[in-house]
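Source file target25.txt; content: compact mmCIF, C-alpha atoms.
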```txt
# COMPACT_ATOMS: atom_id res chain seq x y z
CA MET A 1 -10.04 -55.25 51.08
CA ALA A 2 -6.67 -55.60 52.77
CA THR A 3 -6.33 -58.31 55.40
CA PRO A 4 -5.57 -56.68 58.75
CA LYS A 5 -2.36 -57.61 60.51
CA LEU A 6 -2.61 -59.39 63.84
CA LEU A 7 -1.54 -56.17 65.54
CA GLY A 8 -0.48 -52.92 63.95
CA PRO A 9 1.64 -50.23 65.60
CA LEU A 10 -1.31 -48.91 67.62
CA GLY A 11 -2.33 -52.42 68.64
CA ARG A 12 1.21 -53.27 69.71
CA ARG A 13 1.45 -50.12 71.80
CA ALA A 14 -1.93 -50.79 73.41
CA ALA A 15 -1.02 -54.43 74.07
CA ALA A 16 2.37 -53.47 75.51
CA GLY A 17 0.81 -50.87 77.79
CA SER A 18 -1.90 -53.23 79.01
CA LEU A 19 0.62 -56.03 79.50
CA ALA A 20 3.03 -53.81 81.42
CA ILE A 21 0.28 -52.71 83.78
CA ALA A 22 -0.95 -56.30 84.27
CA LEU A 23 2.53 -57.73 84.89
CA ALA A 24 3.41 -54.91 87.28
CA SER A 25 0.20 -55.60 89.20
CA ILE A 26 0.97 -59.33 89.33
CA ALA A 27 4.55 -58.69 90.50
CA ILE A 28 3.38 -56.32 93.22
CA LEU A 29 0.71 -58.76 94.38
CA ALA A 30 3.17 -61.69 94.44
CA GLY A 31 5.74 -59.60 96.33
CA VAL A 32 3.19 -58.55 98.91
CA MET A 33 2.04 -62.17 99.42
CA LEU A 34 5.63 -63.40 99.83
CA ALA A 35 6.41 -60.60 102.26
CA LEU A 36 3.34 -61.40 104.34
CA LEU A 37 4.24 -65.11 104.32
CA ASP A 38 7.78 -64.35 105.44
CA VAL A 39 6.53 -62.04 108.18
CA ASP A 40 4.04 -64.59 109.46
CA LEU A 41 6.51 -67.49 109.49
CA GLY A 42 9.25 -65.29 110.89
CA SER A 43 6.99 -64.21 113.71
CA ALA A 44 6.18 -67.83 114.47
CA ALA A 45 9.86 -68.79 114.40
CA HIS A 46 10.85 -66.06 116.86
CA ASP A 47 7.93 -66.57 119.21
CA GLU A 48 9.58 -67.39 122.57
CA THR A 49 6.34 -68.86 123.90
CA ARG A 50 6.11 -71.33 121.06
CA GLN A 51 5.71 -74.92 122.22
CA TYR A 52 7.40 -77.72 120.27
CA PRO A 53 5.70 -81.18 120.51
CA THR A 54 8.35 -82.84 122.82
CA SER A 55 6.09 -84.57 125.34
CA ALA A 56 5.97 -87.69 123.18
CA ILE A 57 9.79 -87.78 123.11
CA ILE A 58 9.98 -87.52 126.92
CA SER A 59 7.43 -90.32 127.20
CA ALA A 60 9.44 -92.50 124.77
CA LEU A 61 12.65 -91.91 126.76
CA ARG A 62 10.90 -92.75 130.05
CA ALA A 63 9.49 -95.97 128.54
CA ALA A 64 12.96 -96.93 127.23
CA TYR A 65 14.52 -96.37 130.66
CA LEU A 66 11.88 -98.37 132.53
CA ALA A 67 11.96 -101.21 130.01
CA SER A 68 15.71 -101.68 130.44
CA ASN A 69 15.84 -100.62 134.10
CA GLY A 70 18.51 -98.13 133.17
CA TRP A 71 20.14 -96.39 130.26
CA ASP A 72 22.80 -98.95 129.39
CA GLU A 73 20.51 -101.32 127.53
CA ALA A 74 17.80 -98.80 126.67
CA ASP A 75 16.19 -98.83 123.20
CA PHE A 76 16.17 -95.24 121.96
CA SER A 77 14.69 -96.00 118.52
CA SER A 78 11.25 -94.53 119.29
CA ALA A 79 12.74 -91.33 120.76
CA ILE A 80 15.11 -90.93 117.81
CA THR A 81 12.27 -91.41 115.32
CA LEU A 82 10.08 -88.84 117.09
CA ALA A 83 12.96 -86.37 117.24
CA HIS A 84 13.45 -86.60 113.50
CA LEU A 85 9.74 -86.33 112.85
CA GLU A 86 9.42 -83.27 115.09
CA GLY A 87 12.55 -81.72 113.63
CA VAL A 88 14.42 -81.19 116.88
CA GLY A 89 17.79 -82.29 118.18
CA LEU A 90 18.20 -84.19 121.48
CA THR A 91 20.97 -84.47 124.05
CA VAL A 92 20.00 -86.87 126.87
CA THR A 93 22.29 -86.64 129.92
CA ALA A 94 22.18 -88.93 132.93
CA GLY A 95 24.41 -87.48 135.62
CA ARG A 96 27.53 -86.43 133.80
CA ARG A 97 27.15 -89.00 131.03
CA VAL A 98 25.52 -88.38 127.67
CA VAL A 99 23.43 -91.40 126.93
CA LEU A 100 21.88 -90.18 123.63
CA ARG A 101 22.70 -87.45 121.13
CA VAL A 102 20.47 -86.66 118.15
CA ARG A 103 21.64 -83.37 116.60
CA PRO A 104 20.26 -82.62 113.10
CA TYR A 105 20.83 -78.90 113.76
CA PRO A 106 23.75 -76.99 115.30
CA GLU A 107 23.13 -75.69 118.78
CA ASN A 108 21.78 -72.17 118.77
CA GLY A 109 21.97 -71.48 122.51
CA SER A 110 18.22 -71.39 123.02
CA ALA A 111 17.45 -75.06 123.52
CA PRO A 112 15.18 -75.77 126.53
CA SER A 113 16.22 -78.40 129.10
CA LEU A 114 13.52 -80.89 130.18
CA ALA A 115 13.56 -83.64 132.83
CA VAL A 116 12.87 -87.35 132.31
CA GLU A 117 11.33 -88.69 135.51
CA ALA A 118 10.82 -92.27 136.56
CA GLY A 119 8.98 -92.79 139.76
CA ASP A 120 9.85 -90.04 142.17
CA ARG A 121 13.24 -89.15 140.78
CA THR A 122 14.81 -87.53 137.76
CA VAL A 123 16.77 -90.07 135.76
CA ALA A 124 17.97 -87.77 132.94
CA THR A 125 17.76 -84.34 131.46
CA VAL A 126 16.93 -83.70 127.82
CA LEU A 127 18.25 -80.72 125.92
CA VAL A 128 15.81 -80.03 123.05
CA GLU A 129 17.62 -78.22 120.21
CA ARG A 130 15.48 -76.19 117.82
CA PRO A 131 16.41 -75.60 114.17
CA LEU A 132 18.25 -72.33 113.41
CA SER A 133 15.38 -71.15 111.16
CA GLY A 134 12.95 -71.50 113.99
CA LEU A 135 10.66 -73.46 111.67
CA LEU A 136 9.65 -77.05 111.85
CA PRO A 137 10.15 -79.25 108.77
CA SER A 138 6.40 -79.28 108.22
CA GLU A 139 6.42 -75.49 108.29
CA ILE A 140 9.38 -75.31 105.93
CA ASN A 141 7.60 -77.71 103.60
CA LEU A 142 4.44 -75.56 103.79
CA GLN A 143 6.56 -72.48 103.06
CA HIS A 144 8.02 -74.09 99.95
CA LYS A 145 4.58 -75.16 98.77
CA LEU A 146 3.17 -71.69 99.30
CA ILE A 147 6.06 -70.10 97.40
CA ASP A 148 5.61 -72.60 94.56
CA GLY A 149 1.86 -71.87 94.56
CA ILE A 150 2.46 -68.13 94.39
CA ALA A 151 4.97 -68.58 91.57
CA ILE A 152 2.61 -70.81 89.57
CA SER A 153 -0.31 -68.44 90.17
CA ALA A 154 1.80 -65.49 89.04
CA LEU A 155 2.81 -67.37 85.89
CA VAL A 156 -0.79 -68.31 85.08
CA ALA A 157 -1.89 -64.73 85.75
CA ALA A 158 0.88 -63.45 83.48
CA LEU A 159 -0.23 -65.77 80.67
CA LEU A 160 -3.82 -64.64 81.13
CA ALA A 161 -2.64 -61.02 81.12
CA VAL A 162 -0.78 -61.55 77.83
CA SER A 163 -3.82 -63.21 76.25
CA SER A 164 -6.18 -60.54 77.54
CA ALA A 165 -3.91 -57.71 76.37
CA LEU A 166 -3.65 -59.21 72.88
CA LEU A 167 -7.40 -59.81 72.68
CA ALA A 168 -8.30 -56.34 73.98
CA SER A 169 -5.84 -54.68 71.60
CA ARG A 170 -7.19 -56.74 68.72
CA ARG A 171 -10.76 -55.71 69.58
CA LEU A 172 -9.65 -52.08 69.79
CA VAL A 173 -7.72 -52.04 66.52
CA ALA A 174 -10.11 -54.13 64.38
CA PRO A 175 -12.91 -51.51 64.15
CA LEU A 176 -10.33 -48.78 63.55
CA HIS A 177 -8.95 -50.84 60.68
CA LYS A 178 -12.44 -51.23 59.22
CA LEU A 179 -12.96 -47.49 59.51
CA ALA A 180 -9.62 -46.83 57.81
CA VAL A 181 -10.59 -49.18 54.97
CA ALA A 182 -13.94 -47.38 54.58
CA VAL A 183 -12.19 -44.00 54.45
CA THR A 184 -9.65 -45.29 51.93
CA ARG A 185 -12.38 -46.69 49.70
CA TYR A 186 -14.29 -43.42 49.94
CA GLY A 187 -11.15 -41.48 49.04
CA ALA A 188 -10.65 -43.77 46.05
CA GLY A 189 -14.06 -42.77 44.69
CA ASP A 190 -16.48 -45.25 46.25
CA ARG A 191 -19.07 -42.79 47.53
CA SER A 192 -21.22 -45.60 48.93
CA SER A 193 -18.49 -46.67 51.35
CA ARG A 194 -19.62 -46.51 54.97
CA ALA A 195 -18.18 -47.51 58.32
CA GLY A 196 -19.90 -50.51 59.84
CA GLU A 197 -19.19 -49.58 63.46
CA ALA A 198 -21.71 -46.73 63.77
CA LYS A 199 -23.97 -48.68 66.16
CA ARG A 200 -21.29 -49.13 68.81
CA GLY A 201 -21.96 -47.17 71.97
CA ASP A 202 -18.42 -45.85 72.39
CA GLU A 203 -16.01 -43.29 70.93
CA ILE A 204 -15.27 -45.52 67.93
CA GLY A 205 -19.00 -45.67 67.22
CA ASP A 206 -19.17 -41.87 67.47
CA LEU A 207 -16.26 -41.58 65.03
CA ALA A 208 -17.91 -44.02 62.61
CA SER A 209 -21.22 -42.14 62.84
CA ALA A 210 -19.44 -38.85 62.15
CA PHE A 211 -17.75 -40.39 59.10
CA ASN A 212 -21.02 -41.84 57.83
CA SER A 213 -22.74 -38.47 58.23
CA MET A 214 -19.91 -36.72 56.43
CA ALA A 215 -19.92 -39.31 53.65
CA ALA A 216 -23.68 -39.03 53.20
CA HIS A 217 -23.43 -35.23 53.11
CA LEU A 218 -20.63 -35.30 50.55
CA GLU A 219 -22.46 -37.91 48.48
CA ARG A 220 -25.51 -35.68 48.41
CA GLU A 221 -23.33 -32.67 47.54
CA ASP A 222 -21.89 -34.64 44.62
CA TYR A 223 -25.39 -35.51 43.49
CA LEU A 224 -26.47 -31.88 43.74
CA ARG A 225 -23.43 -30.72 41.78
CA ARG A 226 -24.15 -33.24 39.04
CA SER A 227 -27.77 -32.14 39.04
CA LEU A 228 -26.64 -28.52 38.91
CA VAL A 229 -24.70 -29.12 35.72
CA ALA A 230 -27.78 -30.61 34.08
CA ASP A 231 -30.08 -27.91 35.47
CA VAL A 232 -27.81 -25.04 34.47
CA ALA A 233 -27.49 -26.50 31.00
CA HIS A 234 -31.28 -26.77 30.80
CA GLU A 235 -31.82 -23.25 32.17
CA LEU A 236 -29.39 -21.80 29.67
CA ARG A 237 -30.41 -23.96 26.72
CA THR A 238 -34.04 -22.82 26.51
CA PRO A 239 -33.53 -19.03 26.51
CA LEU A 240 -30.44 -19.32 24.31
CA ALA A 241 -32.35 -21.45 21.82
CA ILE A 242 -35.18 -18.89 21.72
CA LEU A 243 -32.72 -16.02 21.31
CA ARG A 244 -30.84 -17.80 18.55
CA ALA A 245 -34.00 -18.79 16.68
CA GLN A 246 -35.55 -15.34 16.81
CA LEU A 247 -32.30 -13.54 15.98
CA ASP A 248 -31.70 -15.89 13.05
CA ALA A 249 -35.25 -15.30 11.87
CA ILE A 250 -34.73 -11.52 12.00
CA SER A 251 -31.32 -11.66 10.31
CA MET A 252 -32.71 -13.86 7.50
CA GLY A 253 -35.70 -11.57 6.99
CA ILE A 254 -38.19 -14.22 8.06
CA ALA A 255 -39.37 -12.14 11.01
CA GLU A 256 -39.58 -8.46 11.61
CA PRO A 257 -38.00 -6.83 14.66
CA THR A 258 -41.36 -5.81 16.00
CA GLU A 259 -41.99 -4.56 19.51
CA GLN A 260 -43.44 -7.95 20.46
CA THR A 261 -40.42 -9.83 19.11
CA LEU A 262 -37.97 -7.53 20.82
CA GLY A 263 -39.98 -7.81 24.04
CA SER A 264 -39.75 -11.60 23.84
CA LEU A 265 -35.98 -11.37 23.32
CA SER A 266 -35.69 -8.98 26.26
CA GLU A 267 -37.69 -11.37 28.45
CA GLU A 268 -35.32 -14.23 27.69
CA VAL A 269 -32.31 -12.01 28.40
CA ASP A 270 -33.90 -11.04 31.72
CA ARG A 271 -34.43 -14.71 32.48
CA LEU A 272 -30.76 -15.42 31.89
CA ALA A 273 -29.76 -12.37 33.91
CA ARG A 274 -31.89 -13.48 36.87
CA PHE A 275 -30.39 -16.93 36.79
CA VAL A 276 -26.84 -15.62 36.65
CA ASP A 277 -27.65 -13.12 39.41
CA ASP A 278 -29.02 -15.93 41.60
CA LEU A 279 -25.82 -17.91 41.15
CA GLY A 280 -23.85 -14.79 42.01
CA VAL A 281 -25.83 -14.28 45.21
CA LEU A 282 -25.17 -17.86 46.28
CA ALA A 283 -21.47 -17.54 45.52
CA ALA A 284 -21.24 -14.25 47.42
CA ALA A 285 -23.12 -15.66 50.40
CA GLU A 286 -20.87 -18.70 50.52
CA ALA A 287 -17.81 -16.45 50.42
CA ALA A 288 -19.33 -14.18 53.12
CA SER A 289 -19.07 -11.23 50.74
CA LEU A 290 -22.78 -10.57 50.08
CA ARG A 291 -23.11 -6.78 50.35
CA LEU A 292 -26.36 -4.99 51.10
CA GLU A 293 -27.25 -1.35 50.51
CA HIS A 294 -29.51 -0.59 53.45
CA GLU A 295 -32.24 2.00 53.01
CA HIS A 296 -35.43 2.89 54.85
CA VAL A 297 -38.03 1.32 52.54
CA ASP A 298 -41.62 0.10 52.56
CA LEU A 299 -41.79 -3.68 52.05
CA ALA A 300 -45.30 -3.26 50.58
CA GLU A 301 -43.97 -1.00 47.79
CA ILE A 302 -41.18 -3.44 47.00
CA ALA A 303 -43.68 -6.33 46.83
CA ALA A 304 -45.95 -4.30 44.53
CA ALA A 305 -43.05 -3.61 42.16
CA ALA A 306 -42.14 -7.31 42.04
CA ALA A 307 -45.77 -8.26 41.36
CA SER A 308 -45.91 -5.71 38.54
CA ARG A 309 -42.84 -7.25 36.93
CA LEU A 310 -44.44 -10.67 36.88
CA ALA A 311 -48.00 -9.64 36.06
CA ALA A 312 -47.74 -10.60 32.37
CA ARG A 313 -46.30 -14.00 33.28
CA PHE A 314 -49.17 -14.75 35.65
CA ALA A 315 -51.74 -13.49 33.14
CA GLU A 316 -50.27 -15.69 30.40
CA ARG A 317 -50.98 -18.79 32.46
CA GLY A 318 -54.33 -17.55 33.72
CA ILE A 319 -53.19 -17.45 37.35
CA PHE A 320 -54.86 -14.80 39.48
CA LEU A 321 -52.35 -12.85 41.58
CA GLU A 322 -54.14 -11.46 44.62
CA GLN A 323 -52.38 -8.71 46.56
CA ASP A 324 -52.99 -7.63 50.14
CA LEU A 325 -50.24 -5.07 50.77
CA ARG A 326 -50.14 -2.97 53.91
CA PRO A 327 -47.36 -0.55 54.87
CA ALA A 328 -44.42 -2.31 56.50
CA PRO A 329 -41.32 -0.11 56.88
CA VAL A 330 -37.99 -1.96 57.04
CA SER A 331 -34.30 -1.17 56.74
CA GLY A 332 -32.91 -3.22 53.88
CA ASP A 333 -31.57 -3.45 50.36
CA PRO A 334 -34.54 -2.70 48.08
CA GLY A 335 -33.04 -4.56 45.12
CA ARG A 336 -32.36 -7.70 47.12
CA LEU A 337 -35.74 -7.59 48.85
CA GLU A 338 -37.43 -7.30 45.45
CA GLN A 339 -35.38 -10.31 44.34
CA VAL A 340 -36.73 -12.24 47.34
CA THR A 341 -40.31 -11.37 46.36
CA VAL A 342 -39.75 -12.17 42.68
CA ASN A 343 -38.24 -15.57 43.52
CA LEU A 344 -41.11 -16.46 45.86
CA LEU A 345 -43.72 -15.39 43.31
CA THR A 346 -41.91 -17.22 40.49
CA ASN A 347 -41.78 -20.36 42.63
CA ALA A 348 -45.52 -20.08 43.37
CA GLU A 349 -46.32 -19.58 39.68
CA LYS A 350 -44.27 -22.61 38.63
CA PHE A 351 -46.08 -24.96 40.98
CA SER A 352 -49.60 -23.56 40.59
CA PRO A 353 -51.98 -25.04 38.02
CA SER A 354 -53.68 -22.84 35.44
CA LYS A 355 -56.63 -20.77 36.72
CA ALA A 356 -55.26 -21.06 40.25
CA ARG A 357 -54.69 -18.25 42.71
CA VAL A 358 -51.50 -16.91 44.27
CA VAL A 359 -51.78 -14.53 47.23
CA LEU A 360 -49.11 -11.94 48.06
CA ARG A 361 -49.44 -10.36 51.51
CA VAL A 362 -47.41 -7.75 53.37
CA SER A 363 -48.22 -6.54 56.88
CA CYS A 364 -46.74 -5.61 60.24
CA ASP A 365 -46.92 -8.03 63.15
CA GLY A 366 -45.69 -6.25 66.25
CA ASN A 367 -42.01 -5.46 65.70
CA GLU A 368 -41.84 -7.57 62.55
CA ALA A 369 -42.57 -6.89 58.91
CA VAL A 370 -44.10 -9.99 57.31
CA LEU A 371 -44.13 -10.92 53.62
CA ALA A 372 -46.09 -14.05 52.72
CA VAL A 373 -46.69 -15.81 49.38
CA SER A 374 -49.35 -18.54 49.21
CA ASP A 375 -50.14 -20.85 46.30
CA ASP A 376 -52.55 -23.63 45.39
CA GLY A 377 -49.79 -25.98 44.29
CA PRO A 378 -49.19 -29.64 45.21
CA GLY A 379 -47.66 -28.76 48.58
CA ILE A 380 -44.41 -29.98 50.08
CA PRO A 381 -44.07 -33.23 52.06
CA LEU A 382 -42.97 -32.73 55.64
CA ASP A 383 -39.73 -34.66 55.13
CA GLU A 384 -38.72 -32.31 52.30
CA GLN A 385 -39.55 -29.00 53.97
CA GLY A 386 -36.21 -28.81 55.73
CA MET A 387 -34.34 -29.08 52.42
CA VAL A 388 -36.21 -26.72 50.09
CA PHE A 389 -33.92 -23.81 50.97
CA GLU A 390 -30.78 -25.79 50.23
CA ARG A 391 -29.02 -24.74 47.08
CA PHE A 392 -29.71 -26.81 43.96
CA TYR A 393 -32.41 -28.85 45.70
CA ARG A 394 -35.50 -29.73 43.70
CA GLY A 395 -38.38 -31.45 45.43
CA SER A 396 -40.26 -34.56 44.37
CA SER A 397 -43.10 -32.51 42.92
CA ALA A 398 -40.67 -30.75 40.59
CA ALA A 399 -39.32 -34.09 39.46
CA ARG A 400 -42.81 -35.39 38.72
CA GLU A 401 -43.95 -32.34 36.78
CA ARG A 402 -41.66 -31.85 33.81
CA ARG A 403 -43.00 -28.36 33.11
CA THR A 404 -41.61 -27.02 36.39
CA THR A 405 -38.21 -25.97 35.18
CA GLY A 406 -35.51 -24.51 37.36
CA SER A 407 -32.18 -25.30 38.90
CA GLY A 408 -33.29 -25.16 42.52
CA VAL A 409 -31.41 -21.97 43.40
CA GLY A 410 -34.33 -19.55 43.75
CA LEU A 411 -35.37 -20.49 47.28
CA ALA A 412 -31.73 -20.84 48.36
CA VAL A 413 -31.22 -17.24 47.23
CA VAL A 414 -34.29 -16.20 49.26
CA SER A 415 -32.86 -17.87 52.35
CA GLU A 416 -29.43 -16.24 51.94
CA ILE A 417 -30.77 -12.73 51.32
CA VAL A 418 -33.24 -12.93 54.21
CA ALA A 419 -30.52 -14.23 56.53
CA ALA A 420 -28.25 -11.36 55.43
CA HIS A 421 -31.02 -8.98 56.52
CA GLY A 422 -31.21 -10.68 59.92
CA GLY A 423 -34.62 -12.17 59.15
CA THR A 424 -36.14 -15.63 58.89
CA VAL A 425 -38.09 -17.54 56.28
CA GLU A 426 -40.39 -20.45 57.04
CA ILE A 427 -42.83 -22.79 55.32
CA GLU A 428 -46.41 -23.78 56.02
CA SER A 429 -47.34 -26.59 53.67
CA ALA A 430 -49.01 -29.97 53.33
CA PRO A 431 -49.31 -32.28 50.31
CA GLY A 432 -52.32 -31.36 48.19
CA ARG A 433 -53.04 -28.17 50.17
CA GLY A 434 -50.58 -25.69 48.70
CA SER A 435 -47.71 -23.86 50.36
CA THR A 436 -47.12 -20.56 52.10
CA PHE A 437 -43.66 -19.02 52.38
CA ILE A 438 -43.36 -16.44 55.17
CA VAL A 439 -40.51 -13.93 55.43
CA ARG A 440 -40.07 -12.06 58.71
CA LEU A 441 -37.86 -8.96 58.99
CA SER A 442 -37.37 -6.48 61.79
CA ALA A 443 -39.67 -3.52 61.29
CA ALA A 444 -37.98 -0.13 61.05
CA MET A 445 -38.79 2.35 63.81
```

Could you quickly redo this structure as structure tokens?
Amino acid sequence: MATPKLLGPLGRRAAAGSLAIALASIAILAGVMLALLDVDLGSAAHDETRQYPTSAIISALRAAYLASNGWDEADFSSAITLAHLEGVGLTVTAGRRVVLRVRPYPENGSAPSLAVEAGDRTVATVLVERPLSGLLPSEINLQHKLIDGIAISALVAALLAVSSALLASRRLVAPLHKLAVAVTRYGAGDRSSRAGEAKRGDEIGDLASAFNSMAAHLEREDYLRRSLVADVAHELRTPLAILRAQLDAISMGIAEPTEQTLGSLSEEVDRLARFVDDLGVLAAAEAASLRLEHEHVDLAEIAAAAASRLAARFAERGIFLEQDLRPAPVSGDPGRLEQVTVNLLTNAEKFSPSKARVVLRVSCDGNEAVLAVSDDGPGIPLDEQGMVFERFYRGSSAARERRTTGSGVGLAVVSEIVAAHGGTVEIESAPGRGSTFIVRLSAAM
């Protein structure tokens, strides 16, 4: 068994498609998050009512002024530190003199002017300069962290998407590979090869089940064909051996060509002719070329003629053939309908023990003409009843009883001829209780 590649062409296409969809989704999501972040921070930056935390700076300037009793010796270190921490620039003016300038940002024309009061008078004015971005350093730092978080999340999501796409594609392709291997092995002659994915509840499981059903059907067809070769050889061997032996005996003067001898030879020829005719019917039915010569006939008369043909055969085995024949007009091919009756009677004779009874009935049931053949044979198991009309099928009872010869085409011929007449054939049987074959045809008006 070939080792599957990590991903074949189908797997690569499936993985690429899944990955493209996942990455596109991640990119869209990341873009939307960044856009929302930018909108939120931009709105905050341009909010004219936004209050910057400058009260502490004013308090520090007031304390510096009072501590030095003026601005000349004032210690501005606390105010400068707070200005840097709050991310604002300061211009402190006392009268016309600038006593302190802290300008980390260029002026943007929107800086508010605040008063520094000591006692009852204003000792200075403070121009608070905001950053051009409108964002505080803490907000800018938060923005950078959020962007980094979104980038890292997108990267992790992309890696997960790649892994998931590869895994999903692998899980999709693996059962298909197993199915392909099973088909290849079957094509190479391994008729036991089956797909192991038939129990899956998806389309692949349906495909595997369909392949398994097809393989089982073809395996059985192969078995039936092999059996047919053996059965045909057996069917031909016996009458040919009898013909050869009796003809050799006549030609060598050992036997006389008496009426009995010639009758025996004729019977074997008829047996061969029936077998060949049955095979011809099956071939014609399969090719949809089975032709019928429809006539207005009485099914009871046809059944009586068939019973007369087989009377000697039944008498030879001591089987009593009971007939209950009532008029049943139908439109059909008299030759083919007689063949149906002969095959059903022959089948009943083969599976009936000596001194048993076979019943042939014909009657009308409403708008249907009914032909029924009942026997006292071993019966047919329920699980085999659906297969007895399949061509070349021989049931378990035939396999157990070596005397029941036949290739398994007789009942298949019955089914094909009846179907060609638009009728049906059914079975009523149980093991040990005999069988009844019932043919139903439309009654002629």

Quick one: residues within 10 Å of Leu321 (chain A), all atoms listed in the file counted, chain neighbours fewer than 2 positions away excluded, as a list of chain:residue names?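 With the cut-off at 10 Å, the set is A:Ala307, A:Leu310, A:Ala311, A:Phe314, A:Ala315, A:Gly318, A:Ile319, A:Gln323, A:Leu345, A:Glu349, A:Ala356, A:Arg357, A:Val358, A:Val359, A:Leu360, A:Ser374, A:Asp375.
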
Quick one: everything within 9 Å of Pro431 (chain A), counting all atoms listed in the file, minus sequence neighbours fewer than 3 positions away in the same chain. Send it as a tab-separated table (two decimals) with C-alpha atoms, in the coordinates of the input.
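Dumped everything to out-v1.tsv:
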```tsv
chain	number	residue	atom	x	y	z
A	377	GLY	CA	-49.79	-25.98	44.29
A	378	PRO	CA	-49.19	-29.64	45.21
A	379	GLY	CA	-47.66	-28.76	48.58
A	380	ILE	CA	-44.41	-29.98	50.08
A	381	PRO	CA	-44.07	-33.23	52.06
A	382	LEU	CA	-42.97	-32.73	55.64
A	434	GLY	CA	-50.58	-25.69	48.70
A	435	SER	CA	-47.71	-23.86	50.36
```

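Considering all atoms listed in the file, the residue among A:Val183, A:Val232, A:Ala245, A:Ala195 positioned nearest to Ser209 (chain A) is A:Ala195.
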
Of A:Met387, A:Leu411, A:Leu160, A:Val330, the one nearest to Ala443 (chain A) when counting only C-alpha atoms is A:Val330

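Closest approach to Val98 (chain A) among A:Ala124, A:Val116, A:Leu441, A:Ala161 is made by A:Ala124 (distances from all atoms listed in the file).
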
Using all atoms listed in the file and a cutoff of 12 Å, can you tell me which residues are near (-37.4, 3.0, 51.3) in the file's coordinates, and write them out as a list in words?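 These residues have at least one counted atom within 12 Å: Glu293, His294, Glu295, His296, Val297, Asp298, Leu299, Ala300, Glu301, Ile302, Pro327, Ala328, Pro329, Val330, Ser331, Gly332, Asp333, Pro334, Gly335, Leu337, Glu338 and Ala444 of chain A.
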
Residues of the last selection are to be written out with C-alpha atoms, as a CSV table (one decimal), keeping the file's coordinate frame.
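Result written to selection34.csv:
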```csv
chain,number,residue,atom,x,y,z
A,293,GLU,CA,-27.2,-1.4,50.5
A,294,HIS,CA,-29.5,-0.6,53.4
A,295,GLU,CA,-32.2,2.0,53.0
A,296,HIS,CA,-35.4,2.9,54.8
A,297,VAL,CA,-38.0,1.3,52.5
A,298,ASP,CA,-41.6,0.1,52.6
A,299,LEU,CA,-41.8,-3.7,52.0
A,300,ALA,CA,-45.3,-3.3,50.6
A,301,GLU,CA,-44.0,-1.0,47.8
A,302,ILE,CA,-41.2,-3.4,47.0
A,327,PRO,CA,-47.4,-0.6,54.9
A,328,ALA,CA,-44.4,-2.3,56.5
A,329,PRO,CA,-41.3,-0.1,56.9
A,330,VAL,CA,-38.0,-2.0,57.0
A,331,SER,CA,-34.3,-1.2,56.7
A,332,GLY,CA,-32.9,-3.2,53.9
A,333,ASP,CA,-31.6,-3.4,50.4
A,334,PRO,CA,-34.5,-2.7,48.1
A,335,GLY,CA,-33.0,-4.6,45.1
A,337,LEU,CA,-35.7,-7.6,48.8
A,338,GLU,CA,-37.4,-7.3,45.4
A,444,ALA,CA,-38.0,-0.1,61.0
```

Between CA of Leu325 (chain A) and CA of Arg274 (chain A), distance in Å (one decimal): 24.5 Å

CA of Arg226 (chain A) to CA of Ala412 (chain A): how many Å, to one decimal?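 The value is 17.3 Å.
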
Pairwise distance for CA of Lys145 (chain A) and CA of Ser164 (chain A), rounded to one decimal in Å: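 Between CA of Lys145 (chain A) and CA of Ser164 (chain A) the gap is 27.9 Å.
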
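The nearest approach to Asp277 (chain A) among the residues A:Thr424, A:Gln339, A:Asn212, A:Ser352, with all atoms listed in the file taken into account, belongs to A:Gln339.
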
List the neighbours of Ser113 (chain A) out to 10 Å using all atoms listed in the file; skip same-chain residues closer than 3 positions along the sequence, and give me the result as number ranges by chain. A: 90-92, 110, 125-129

Give me the residues near Leu179 (chain A) as a compact mmCIF listing (two decimals) with C-alpha atoms, keeping the file's coordinate frame, where near means some atom within 9 Å (using all atoms listed in the file) and where sequence neighbours in that chain fewer than 2 positions away do not count.
```txt
# COMPACT_ATOMS: atom_id res chain seq x y z
CA ALA A 174 -10.11 -54.13 64.38
CA PRO A 175 -12.91 -51.51 64.15
CA LEU A 176 -10.33 -48.78 63.55
CA HIS A 177 -8.95 -50.84 60.68
CA VAL A 181 -10.59 -49.18 54.97
CA ALA A 182 -13.94 -47.38 54.58
CA VAL A 183 -12.19 -44.00 54.45
CA THR A 184 -9.65 -45.29 51.93
CA ARG A 194 -19.62 -46.51 54.97
CA ALA A 195 -18.18 -47.51 58.32
CA GLY A 196 -19.90 -50.51 59.84
CA GLU A 197 -19.19 -49.58 63.46
CA ILE A 204 -15.27 -45.52 67.93
CA LEU A 207 -16.26 -41.58 65.03
CA ALA A 208 -17.91 -44.02 62.61
CA PHE A 211 -17.75 -40.39 59.10
```
